[in-house]
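Data file: coords21.cif. Format and content: mmCIF, C-alpha atoms.
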```cif
data_final
#
loop_
_atom_site.group_PDB
_atom_site.id
_atom_site.type_symbol
_atom_site.label_atom_id
_atom_site.label_comp_id
_atom_site.auth_asym_id
_atom_site.auth_seq_id
_atom_site.Cartn_x
_atom_site.Cartn_y
_atom_site.Cartn_z
ATOM 1 C CA MET Z 1 40.672 -1.499 16.929
ATOM 2 C CA ASP Z 2 43.353 -3.369 18.798
ATOM 3 C CA ASP Z 3 45.011 -5.854 16.434
ATOM 4 C CA ASP Z 4 46.138 -7.963 19.430
ATOM 5 C CA LYS Z 5 42.550 -8.854 20.350
ATOM 6 C CA ASP Z 6 41.126 -12.249 19.496
ATOM 7 C CA ASP Z 7 38.857 -12.076 16.455
ATOM 8 C CA ASP Z 8 35.841 -12.962 18.618
ATOM 9 C CA ASP Z 9 36.496 -9.876 20.778
ATOM 10 C CA VAL Z 10 36.384 -7.501 17.805
ATOM 11 C CA ALA Z 11 33.041 -5.950 16.932
ATOM 12 C CA ARG Z 12 31.676 -7.335 13.685
ATOM 13 C CA VAL Z 13 30.587 -3.832 12.565
ATOM 14 C CA GLY Z 14 31.982 -0.465 13.645
ATOM 15 C CA LEU Z 15 31.575 3.203 12.753
ATOM 16 C CA THR Z 16 34.048 5.924 11.917
ATOM 17 C CA PRO Z 17 33.570 9.242 13.751
ATOM 18 C CA ALA Z 18 32.304 10.759 10.475
ATOM 19 C CA ALA Z 19 29.672 8.012 10.122
ATOM 20 C CA ALA Z 20 28.569 8.493 13.738
ATOM 21 C CA ASP Z 21 28.233 12.262 13.147
ATOM 22 C CA LEU Z 22 26.101 11.690 10.059
ATOM 23 C CA LEU Z 23 23.922 9.156 11.894
ATOM 24 C CA ARG Z 24 23.282 11.710 14.663
ATOM 25 C CA ARG Z 25 22.194 14.251 12.037
ATOM 26 C CA LEU Z 26 20.012 11.733 10.179
ATOM 27 C CA HIS Z 27 18.482 10.539 13.445
ATOM 28 C CA GLY Z 28 17.510 14.142 14.233
ATOM 29 C CA LEU Z 29 15.721 14.342 10.880
ATOM 30 C CA HIS Z 30 14.214 10.859 10.590
ATOM 31 C CA GLY Z 31 14.161 9.227 14.034
ATOM 32 C CA PRO Z 32 15.396 5.670 14.681
ATOM 33 C CA LEU Z 33 17.594 4.246 11.920
ATOM 34 C CA MET Z 34 18.731 0.968 10.427
ATOM 35 C CA PHE Z 35 21.241 -0.213 7.811
ATOM 36 C CA HIS Z 36 20.807 -2.968 5.272
ATOM 37 C CA GLN Z 37 23.540 -4.221 2.992
ATOM 38 C CA SER Z 38 22.438 -6.511 0.193
ATOM 39 C CA GLY Z 39 25.335 -6.498 -2.240
ATOM 40 C CA GLY Z 40 22.801 -5.564 -4.914
ATOM 41 C CA CYS Z 41 23.522 -4.359 -8.412
ATOM 42 C CA CYS Z 42 22.747 -0.640 -8.316
ATOM 43 C CA ASP Z 43 24.938 0.519 -5.447
ATOM 44 C CA GLY Z 44 27.207 -2.494 -5.211
ATOM 45 C CA SER Z 45 27.686 -3.412 -1.605
ATOM 46 C CA ALA Z 46 27.055 0.043 -0.179
ATOM 47 C CA PRO Z 47 25.163 0.013 3.112
ATOM 48 C CA MET Z 48 21.756 1.611 2.780
ATOM 49 C CA CYS Z 49 20.381 3.670 5.670
ATOM 50 C CA TYR Z 50 16.633 3.729 6.272
ATOM 51 C CA PRO Z 51 14.239 4.792 9.002
ATOM 52 C CA ALA Z 52 14.064 1.799 11.360
ATOM 53 C CA GLY Z 53 11.555 -0.746 10.102
ATOM 54 C CA GLU Z 54 11.141 0.838 6.663
ATOM 55 C CA PHE Z 55 13.176 -1.934 5.021
ATOM 56 C CA ARG Z 56 11.552 -5.297 5.697
ATOM 57 C CA THR Z 57 13.962 -7.923 6.945
ATOM 58 C CA GLY Z 58 13.263 -11.604 7.168
ATOM 59 C CA GLY Z 59 14.764 -15.072 7.098
ATOM 60 C CA SER Z 60 17.044 -14.136 4.227
ATOM 61 C CA ASP Z 61 18.755 -11.448 6.368
ATOM 62 C CA VAL Z 62 21.279 -11.587 9.227
ATOM 63 C CA LEU Z 63 21.413 -9.029 12.047
ATOM 64 C CA LEU Z 64 25.142 -8.309 12.367
ATOM 65 C CA ALA Z 65 25.110 -5.521 14.924
ATOM 66 C CA GLU Z 66 23.156 -3.089 17.022
ATOM 67 C CA LEU Z 67 25.406 -0.046 16.748
ATOM 68 C CA GLU Z 68 25.606 2.291 19.710
ATOM 69 C CA VAL Z 69 25.952 5.915 18.619
ATOM 70 C CA GLU Z 70 26.624 8.533 21.268
ATOM 71 C CA GLY Z 71 23.707 10.959 21.332
ATOM 72 C CA VAL Z 72 21.294 8.475 19.724
ATOM 73 C CA GLU Z 73 19.003 6.813 22.217
ATOM 74 C CA GLU Z 74 18.304 3.533 20.428
ATOM 75 C CA PRO Z 75 20.843 1.324 18.638
ATOM 76 C CA VAL Z 76 21.161 1.496 14.848
ATOM 77 C CA THR Z 77 20.668 -2.041 13.567
ATOM 78 C CA PHE Z 78 22.927 -3.344 10.789
ATOM 79 C CA TRP Z 79 21.445 -6.090 8.618
ATOM 80 C CA MET Z 80 22.993 -7.980 5.715
ATOM 81 C CA SER Z 81 21.433 -10.380 3.257
ATOM 82 C CA ARG Z 82 22.340 -13.974 4.139
ATOM 83 C CA SER Z 83 23.909 -14.564 0.702
ATOM 84 C CA GLN Z 84 26.155 -11.527 1.177
ATOM 85 C CA TYR Z 85 26.979 -12.620 4.731
ATOM 86 C CA ASP Z 86 28.116 -16.013 3.428
ATOM 87 C CA LEU Z 87 30.741 -14.162 1.379
ATOM 88 C CA TRP Z 88 31.762 -11.704 4.124
ATOM 89 C CA ALA Z 89 31.556 -13.961 7.200
ATOM 90 C CA HIS Z 90 35.295 -13.644 7.887
ATOM 91 C CA THR Z 91 35.466 -9.867 7.748
ATOM 92 C CA ARG Z 92 35.031 -7.019 10.164
ATOM 93 C CA LEU Z 93 33.182 -4.085 8.648
ATOM 94 C CA THR Z 94 33.538 -0.369 9.307
ATOM 95 C CA VAL Z 95 30.862 2.047 8.120
ATOM 96 C CA ASP Z 96 32.457 5.246 6.826
ATOM 97 C CA VAL Z 97 31.265 8.331 4.927
ATOM 98 C CA VAL Z 98 32.776 9.744 1.738
ATOM 99 C CA PRO Z 99 31.813 12.678 -0.493
ATOM 100 C CA GLY Z 100 29.665 11.770 -3.466
ATOM 101 C CA ARG Z 101 26.215 10.737 -4.464
ATOM 102 C CA GLY Z 102 24.771 7.677 -2.797
ATOM 103 C CA SER Z 103 21.592 5.841 -3.619
ATOM 104 C CA GLY Z 104 18.380 7.795 -3.882
ATOM 105 C CA PHE Z 105 16.888 5.247 -1.462
ATOM 106 C CA SER Z 106 19.421 5.779 1.339
ATOM 107 C CA LEU Z 107 18.775 8.642 3.768
ATOM 108 C CA GLU Z 108 22.157 10.308 3.272
ATOM 109 C CA ALA Z 109 21.639 10.847 -0.490
ATOM 110 C CA PRO Z 110 20.484 14.503 -0.157
ATOM 111 C CA GLU Z 111 23.485 15.289 2.089
ATOM 112 C CA GLY Z 112 26.048 15.071 -0.760
ATOM 113 C CA VAL Z 113 27.800 12.124 0.892
ATOM 114 C CA ARG Z 114 27.399 8.369 0.911
ATOM 115 C CA PHE Z 115 27.996 5.581 3.353
ATOM 116 C CA LEU Z 116 30.762 3.168 2.416
ATOM 117 C CA ILE Z 117 31.943 -0.122 3.910
ATOM 118 C CA ARG Z 118 35.579 -0.720 4.666
ATOM 119 C CA SER Z 119 36.407 -4.318 5.478
ATOM 120 C CA ARG Z 120 39.199 -6.235 7.141
ATOM 121 C CA VAL Z 121 39.617 -9.998 6.825
ATOM 122 C CA VAL Z 122 40.039 -11.810 10.135
ATOM 123 C CA GLY Z 123 41.376 -15.297 10.887
ATOM 124 C CA ARG Z 124 39.375 -18.350 9.897
#
```

Is it possible to express this structure as structure tokens?
Amino acid sequence: MDDDKDDDDVARVGLTPAAADLLRRLHGLHGPLMFHQSGGCCDGSAPMCYPAGEFRTGGSDVLLAELEVEGVEEPVTFWMSRSQYDLWAHTRLTVDVVPGRGSGFSLEAPEGVRFLIRSRVVGR
């Protein structure tokens, strides 16, 4: 990302190349995908990846991004619980992948890796 850009010009959510690669692989196995980040207790604030529509979103969730992934036809939506968004409203998030065990509910769990959020505070 270009640090000289105005904060409004910077995507609210981005992907590392490793995350994009994993999303292409998961899309091939499961079809359209989505993320939800709740800030829950079990996996902290790790983003959870599901088949699109498998996690029900509603009025207590905010759609932060529709991520374009080269080689994936439809965007990967990124949702966050409104209470979590209230805490992270002044950050830009980057979805990354690291070795280790993720949640049993997130699609990457059997792959021996887990999605991770990296954040950067932007001006208020």

Check: Pick the closest to Arg101 of chain Z from Z:Pro51, Z:Ala11, Z:Ala89, Z:Phe115: which is it, counting all atoms listed in the file?
Finding: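 Closest to Arg101 of chain Z, using all atoms listed in the file: Z:Phe115.
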
Item checked: Atom-to-atom span, atom CA of Leu107 of chain Z and atom CA of Trp79 of chain Z, Å ->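 Going from atom CA of Leu107 of chain Z over to atom CA of Trp79 of chain Z covers 15.7 Å.
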
Next item on the list: Excluding segment 29-39 of chain Z and residues on its chain fewer than 4 positions from it, collect all residues at most 10 Å away from it, counting all atoms listed in the file, and give them as a PyMOL selection string.
Entry: chain Z and resi 23-25+43-57+61-67+72-85+95+106-107+115+117

Next item on the list: Write out as a PyMOL selection string the residues lying within 12 Å of Asp21 of chain Z, counting only C-alpha atoms and excluding same-chain residues fewer than 5 positions away.
Entry: chain Z and resi 15-16+26-28+69-72+95-97+108+115

Selected residues written out with C-alpha atoms, as a PDB file, in the frame of the given file:
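Contents of the output file result24.pdb:
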```pdb
ATOM      1  CA  LEU Z  15      31.575   3.203  12.753  1.00  0.00           C
ATOM      2  CA  THR Z  16      34.048   5.924  11.917  1.00  0.00           C
ATOM      3  CA  LEU Z  26      20.012  11.733  10.179  1.00  0.00           C
ATOM      4  CA  HIS Z  27      18.482  10.539  13.445  1.00  0.00           C
ATOM      5  CA  GLY Z  28      17.510  14.142  14.233  1.00  0.00           C
ATOM      6  CA  VAL Z  69      25.952   5.915  18.619  1.00  0.00           C
ATOM      7  CA  GLU Z  70      26.624   8.533  21.268  1.00  0.00           C
ATOM      8  CA  GLY Z  71      23.707  10.959  21.332  1.00  0.00           C
ATOM      9  CA  VAL Z  72      21.294   8.475  19.724  1.00  0.00           C
ATOM     10  CA  VAL Z  95      30.862   2.047   8.120  1.00  0.00           C
ATOM     11  CA  ASP Z  96      32.457   5.246   6.826  1.00  0.00           C
ATOM     12  CA  VAL Z  97      31.265   8.331   4.927  1.00  0.00           C
ATOM     13  CA  GLU Z 108      22.157  10.308   3.272  1.00  0.00           C
ATOM     14  CA  PHE Z 115      27.996   5.581   3.353  1.00  0.00           C
TER      15      PHE Z 115
END
```

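Picture a line from atom CA of Val13 of chain Z to atom CA of Thr91 of chain Z; it runs 9.1 Å.
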
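Atom CA of Pro99 of chain Z sits 6.3 Å away from atom CA of Arg114 of chain Z.
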